[in-house]
Amino acid sequence: MIESTNLRNFGPMHDVAWAGLGPINLVIGENGSGKTFLLKALYVAMRTLEGFRRGADQSSLADILWQKLYWTFQPDRIGDLVTKGADAPLAFAMTLGEEAFSYQFGKDTTKQISQIASSAPRLDSNSVFLPAKEVLSLHSVILESREQDKAFGFDDTYLDLARALRVSPTRGRNFAEFAQSRASLEELLNGKVEYDTDGEKWYFRRGNQKFPIGVTSEGTKKIAILDTLLGNRYLSPESVIFIDEPESALHPVAISKLLDIIGVLARRGIQFFVASHSYFVVKKLFLIAQQEGMSIPIMSHAADVGWLAADLRDGMPDNPIIDESIRLYEQEVEVSLA
């Protein structure tokens, strides 16, 4: 499990230190604050370690890192990731238990990352990034764009996810929490999303009826992705799942149930990093933290103070998103009592 991270001069992350991370971790902030950027930085680090010495691939750690940075953030050169106007180099550090992974490079760097260090063991896990936009309807387009055309557009979070979804389902006994979560997800979907290998298309099945994925709601397709990755065993208890805006295209009841499922999976060992600007998501995770006594670290951004770390187990943090939601509620109460 990722236990801490430190980013300096990494795009919009001028100086962010986040320690004491837990099974579920939340990043909140307004649009453009860098929430997705932070999740992608952590994702790049995990996928770099997971790709090192895997199978017959003999690529160096530095080469894997460069490739992941380049294809995830898609700059002209990776030196462009250094915060504009910064005098010091970009620096990233992460700890996993007692092991560490770190690197740094300057604004003139094109490919070669010479300052990189890792004491982390070879990782057999698969981490995944679930973007705000669903990918099932774009599955073949993503694969063709990246694997055949080698074009910018869909970054590595999309490509890695599309490849993970291509893994065939596995039969047999699954982890109890995974099976429970799949049952809850399919109940939430009121059906099941399946891939037709012959026609190379995704379908939504409800009972004996089968519908093209294109006529299925975006929220249904987003939920189906998690069900698929649990079913094909791409995810394991050692995986880290990064979720960008889980509230996108989901109604409040679905969001609440999805976060309950995340709580079940977190107790089995999967670590989650969730980025959101939804008061509903923050409030639901706050209730989970309070009801279960669970530490849910939160990194909160406000324009006037920057990034601040807190824990939902200790209460709701000070943040403009939360303050505005409370203000609107109080205004509604005043109007109803007038």
# chains A, B, ... in the order shown; residues from 1 in each chain; ligands from 1
call {"tool": "residues_around", "arguments": {"residues": "Gly263 of chain A", "least_positions_apart": "6", "cutoff": "9 Å", "atoms": "only C-alpha atoms", "output": "PyMOL selection string"}}
result
chain A and resi 23-24+285+288
call {"tool": "select_by_dssp", "arguments": {"residues": "segment 220-322 of chain A", "states": "alpha helix (DSSP H)", "output": "ChimeraX atom specification"}}
result
/A:220-231,252-268,279-292,320-322
call {"tool": "write_last_selection", "arguments": {"atoms": "C-alpha atoms", "output": "short mmCIF file (atom, residue, chain, number, x, y, z; two decimals), in the first residue's frame"}}
result
data_model
loop_
_atom_site.label_atom_id
_atom_site.label_comp_id
_atom_site.auth_asym_id
_atom_site.auth_seq_id
_atom_site.Cartn_x
_atom_site.Cartn_y
_atom_site.Cartn_z
CA THR A 220 -24.03 1.95 -16.20
CA LYS A 221 -20.93 1.60 -18.34
CA LYS A 222 -18.72 3.18 -15.67
CA ILE A 223 -19.97 0.80 -12.98
CA ALA A 224 -19.60 -2.16 -15.36
CA ILE A 225 -15.88 -1.46 -15.75
CA LEU A 226 -15.19 -2.23 -12.08
CA ASP A 227 -17.34 -5.37 -12.27
CA THR A 228 -15.41 -6.54 -15.35
CA LEU A 229 -11.99 -6.01 -13.74
CA LEU A 230 -13.03 -7.96 -10.67
CA GLY A 231 -14.43 -10.74 -12.85
CA PRO A 252 -26.86 10.04 -5.73
CA VAL A 253 -28.17 6.57 -4.80
CA ALA A 254 -25.73 4.92 -7.22
CA ILE A 255 -22.84 7.01 -5.87
CA SER A 256 -23.68 6.00 -2.30
CA LYS A 257 -23.88 2.30 -3.18
CA LEU A 258 -20.67 2.47 -5.24
CA LEU A 259 -18.80 4.02 -2.31
CA ASP A 260 -20.14 1.29 -0.01
CA ILE A 261 -18.71 -1.28 -2.46
CA ILE A 262 -15.39 0.57 -2.44
CA GLY A 263 -15.43 0.27 1.36
CA VAL A 264 -15.84 -3.52 1.10
CA LEU A 265 -13.00 -3.83 -1.40
CA ALA A 266 -10.76 -1.56 0.69
CA ARG A 267 -11.21 -3.85 3.68
CA ARG A 268 -9.98 -6.74 1.50
CA TYR A 279 -19.98 17.40 -1.63
CA PHE A 280 -22.06 14.23 -1.85
CA VAL A 281 -18.94 12.07 -2.30
CA VAL A 282 -17.16 13.82 0.59
CA LYS A 283 -20.19 13.46 2.87
CA LYS A 284 -20.66 9.76 2.08
CA LEU A 285 -16.99 8.97 2.74
CA PHE A 286 -17.19 11.03 5.94
CA LEU A 287 -20.10 8.85 7.10
CA ILE A 288 -18.16 5.67 6.25
CA ALA A 289 -15.19 6.96 8.25
CA GLN A 290 -17.40 7.81 11.23
CA GLN A 291 -19.49 4.63 11.18
CA GLU A 292 -16.57 2.25 10.78
CA PRO A 320 -14.87 26.06 -0.39
CA ILE A 321 -16.80 23.13 -1.93
CA ILE A 322 -18.06 22.03 1.47
#
call {"tool": "residues_around", "arguments": {"residues": "Ala17 of chain A", "least_positions_apart": "6", "cutoff": "7 Å", "atoms": "only C-alpha atoms", "output": "ChimeraX atom specification"}}
result
/A:5-7
call {"tool": "residues_around", "arguments": {"residues": "Ala120 of chain A", "least_positions_apart": "6", "cutoff": "10 Å", "atoms": "only C-alpha atoms", "output": "number ranges by chain"}}
result
A: 49, 95-101
call {"tool": "closest_residue", "arguments": {"among": "A:Arg53, A:Arg206, A:Lys35, A:Lys40", "to": "Leu123 of chain A", "atoms": "only C-alpha atoms"}}
result
A:Arg53
call {"tool": "closest_residue", "arguments": {"among": "A:Val240, A:Ile298, A:Leu38, A:Ile326", "to": "Arg313 of chain A", "atoms": "only C-alpha atoms"}}
result
A:Ile298
call {"tool": "atom_distance", "arguments": {"atom1": "atom CA of His14 of chain A", "atom2": "atom CA of Leu159 of chain A"}}
result
28.0 Å
call {"tool": "select_by_dssp", "arguments": {"residues": "segment 29-225 of chain A", "states": "strand (DSSP E or B)", "output": "number ranges by chain"}}
result
A: 82, 90-96, 99-105, 115-118, 128-130, 192-196, 201-206, 209-212
call {"tool": "atom_distance", "arguments": {"atom1": "atom CA of Glu187 of chain A", "atom2": "atom CA of Asp160 of chain A"}}
result
26.9 Å
call {"tool": "residues_around", "arguments": {"residues": "Phe129 of chain A", "least_positions_apart": "2", "cutoff": "7 Å", "atoms": "only C-alpha atoms", "output": "PDB file with N, CA and C atoms, in the first residue's frame"}}
result
ATOM      1  N   PRO A 131     -11.081   6.755 -15.362  1.00  0.00           N
ATOM      2  CA  PRO A 131     -11.288   8.176 -15.660  1.00  0.00           C
ATOM      3  C   PRO A 131     -12.737   8.598 -15.474  1.00  0.00           C
ATOM      4  N   THR A 157      -3.609   6.135 -19.152  1.00  0.00           N
ATOM      5  CA  THR A 157      -4.653   5.669 -18.241  1.00  0.00           C
ATOM      6  C   THR A 157      -5.765   4.997 -19.040  1.00  0.00           C
ATOM      7  N   LEU A 161      -6.319   0.780 -19.256  1.00  0.00           N
ATOM      8  CA  LEU A 161      -7.649   0.311 -18.883  1.00  0.00           C
ATOM      9  C   LEU A 161      -8.279  -0.496 -20.013  1.00  0.00           C
ATOM     10  N   ILE A 241      -6.449   1.351  -6.988  1.00  0.00           N
ATOM     11  CA  ILE A 241      -7.417   1.860  -7.950  1.00  0.00           C
ATOM     12  C   ILE A 241      -7.533   3.371  -7.784  1.00  0.00           C
ATOM     13  N   PHE A 242      -7.319   4.083  -8.887  1.00  0.00           N
ATOM     14  CA  PHE A 242      -7.437   5.537  -8.905  1.00  0.00           C
ATOM     15  C   PHE A 242      -8.738   5.885  -9.633  1.00  0.00           C
ATOM     16  N   ILE A 243      -9.632   6.624  -8.981  1.00  0.00           N
ATOM     17  CA  ILE A 243     -10.933   6.943  -9.565  1.00  0.00           C
ATOM     18  C   ILE A 243     -11.085   8.460  -9.659  1.00  0.00           C
TER      19      ILE A 243
END
call {"tool": "atom_distance", "arguments": {"atom1": "atom CA of Gly20 of chain A", "atom2": "atom CA of Met94 of chain A"}}
result
11.7 Å
call {"tool": "residues_around", "arguments": {"residues": "Tyr158 of chain A", "least_positions_apart": "6", "cutoff": "10 Å", "atoms": "only C-alpha atoms", "output": "ChimeraX atom specification"}}
result
/A:72,128-131,133-135,138-139,142-143,146,164
call {"tool": "write_last_selection", "arguments": {"atoms": "all heavy atoms", "output": "short mmCIF file (atom, residue, chain, number, x, y, z; two decimals), in the first residue's frame"}}
result
data_model
loop_
_atom_site.label_atom_id
_atom_site.label_comp_id
_atom_site.auth_asym_id
_atom_site.auth_seq_id
_atom_site.Cartn_x
_atom_site.Cartn_y
_atom_site.Cartn_z
N THR A 72 1.37 9.25 -20.35
CA THR A 72 0.29 9.59 -19.43
C THR A 72 -0.01 11.08 -19.45
O THR A 72 -1.17 11.50 -19.52
CB THR A 72 0.61 9.13 -17.99
OG1 THR A 72 0.77 7.71 -17.98
CG2 THR A 72 -0.50 9.53 -17.02
N VAL A 128 -4.97 0.36 -11.59
CA VAL A 128 -5.79 0.84 -12.70
C VAL A 128 -6.31 2.24 -12.38
O VAL A 128 -6.49 2.61 -11.22
CB VAL A 128 -6.96 -0.14 -12.97
CG1 VAL A 128 -7.97 -0.10 -11.83
CG2 VAL A 128 -7.61 0.12 -14.31
N PHE A 129 -6.52 3.00 -13.44
CA PHE A 129 -7.05 4.37 -13.34
C PHE A 129 -8.41 4.38 -14.03
O PHE A 129 -8.51 4.05 -15.20
CB PHE A 129 -6.09 5.35 -14.02
CG PHE A 129 -6.39 6.81 -13.76
CD1 PHE A 129 -5.56 7.55 -12.93
CD2 PHE A 129 -7.47 7.44 -14.37
CE1 PHE A 129 -5.83 8.90 -12.70
CE2 PHE A 129 -7.74 8.78 -14.14
CZ PHE A 129 -6.91 9.52 -13.30
N LEU A 130 -9.46 4.76 -13.29
CA LEU A 130 -10.79 4.84 -13.87
C LEU A 130 -11.11 6.32 -14.11
O LEU A 130 -11.36 7.07 -13.16
CB LEU A 130 -11.82 4.23 -12.92
CG LEU A 130 -11.55 2.78 -12.47
CD1 LEU A 130 -12.70 2.28 -11.60
CD2 LEU A 130 -11.35 1.86 -13.66
N PRO A 131 -11.08 6.76 -15.36
CA PRO A 131 -11.29 8.18 -15.66
C PRO A 131 -12.74 8.60 -15.47
O PRO A 131 -13.64 7.76 -15.32
CB PRO A 131 -10.86 8.28 -17.13
CG PRO A 131 -11.12 6.92 -17.69
CD PRO A 131 -10.86 5.95 -16.57
N LYS A 133 -14.66 9.82 -17.66
CA LYS A 133 -15.42 9.37 -18.83
C LYS A 133 -15.33 7.87 -18.95
O LYS A 133 -14.27 7.28 -18.77
CB LYS A 133 -14.88 10.04 -20.10
CG LYS A 133 -15.70 9.75 -21.35
CD LYS A 133 -15.19 10.54 -22.53
CE LYS A 133 -16.03 10.29 -23.77
NZ LYS A 133 -17.43 10.66 -23.60
N GLU A 134 -16.45 7.21 -19.27
CA GLU A 134 -16.42 5.76 -19.45
C GLU A 134 -15.67 5.40 -20.73
O GLU A 134 -15.54 6.22 -21.64
CB GLU A 134 -17.85 5.19 -19.46
CG GLU A 134 -18.72 5.70 -20.60
CD GLU A 134 -18.52 4.92 -21.88
OE1 GLU A 134 -18.03 3.78 -21.82
OE2 GLU A 134 -18.84 5.46 -22.94
N VAL A 135 -15.20 4.17 -20.82
CA VAL A 135 -14.37 3.79 -21.96
C VAL A 135 -14.93 2.63 -22.77
O VAL A 135 -14.39 2.32 -23.84
CB VAL A 135 -12.93 3.42 -21.51
CG1 VAL A 135 -12.29 4.56 -20.74
CG2 VAL A 135 -12.93 2.15 -20.67
N LEU A 138 -15.73 3.39 -26.22
CA LEU A 138 -14.54 3.85 -26.97
C LEU A 138 -13.45 2.79 -26.99
O LEU A 138 -12.33 3.06 -27.45
CB LEU A 138 -13.98 5.12 -26.32
CG LEU A 138 -14.91 6.34 -26.27
CD1 LEU A 138 -14.30 7.42 -25.39
CD2 LEU A 138 -15.16 6.87 -27.67
N HIS A 139 -13.75 1.59 -26.52
CA HIS A 139 -12.75 0.56 -26.32
C HIS A 139 -11.89 0.32 -27.55
O HIS A 139 -10.66 0.42 -27.52
CB HIS A 139 -13.44 -0.73 -25.88
CG HIS A 139 -12.50 -1.77 -25.37
ND1 HIS A 139 -12.70 -3.12 -25.53
CD2 HIS A 139 -11.33 -1.67 -24.68
CE1 HIS A 139 -11.71 -3.80 -24.98
NE2 HIS A 139 -10.87 -2.94 -24.45
N ILE A 142 -9.81 3.44 -28.70
CA ILE A 142 -8.62 3.68 -27.87
C ILE A 142 -7.48 2.75 -28.29
O ILE A 142 -6.34 3.19 -28.49
CB ILE A 142 -8.94 3.47 -26.38
CG1 ILE A 142 -9.94 4.53 -25.90
CG2 ILE A 142 -7.67 3.53 -25.53
CD1 ILE A 142 -10.52 4.25 -24.53
N LEU A 143 -7.79 1.48 -28.44
CA LEU A 143 -6.76 0.50 -28.81
C LEU A 143 -6.18 0.80 -30.18
O LEU A 143 -4.97 0.74 -30.39
CB LEU A 143 -7.35 -0.91 -28.77
CG LEU A 143 -7.74 -1.42 -27.38
CD1 LEU A 143 -8.49 -2.74 -27.48
CD2 LEU A 143 -6.51 -1.58 -26.50
N ARG A 146 -3.90 4.07 -30.12
CA ARG A 146 -2.61 3.96 -29.47
C ARG A 146 -1.76 2.81 -30.00
O ARG A 146 -0.55 2.96 -30.24
CB ARG A 146 -2.81 3.80 -27.96
CG ARG A 146 -3.23 5.08 -27.26
CD ARG A 146 -2.12 6.13 -27.26
NE ARG A 146 -0.89 5.56 -26.81
CZ ARG A 146 -0.55 5.42 -25.53
NH1 ARG A 146 -1.39 5.83 -24.59
NH2 ARG A 146 0.60 4.88 -25.19
N ALA A 164 -6.73 -3.83 -20.01
CA ALA A 164 -7.18 -4.62 -18.87
C ALA A 164 -8.57 -5.21 -19.12
O ALA A 164 -8.87 -6.35 -18.74
CB ALA A 164 -7.20 -3.76 -17.61
#
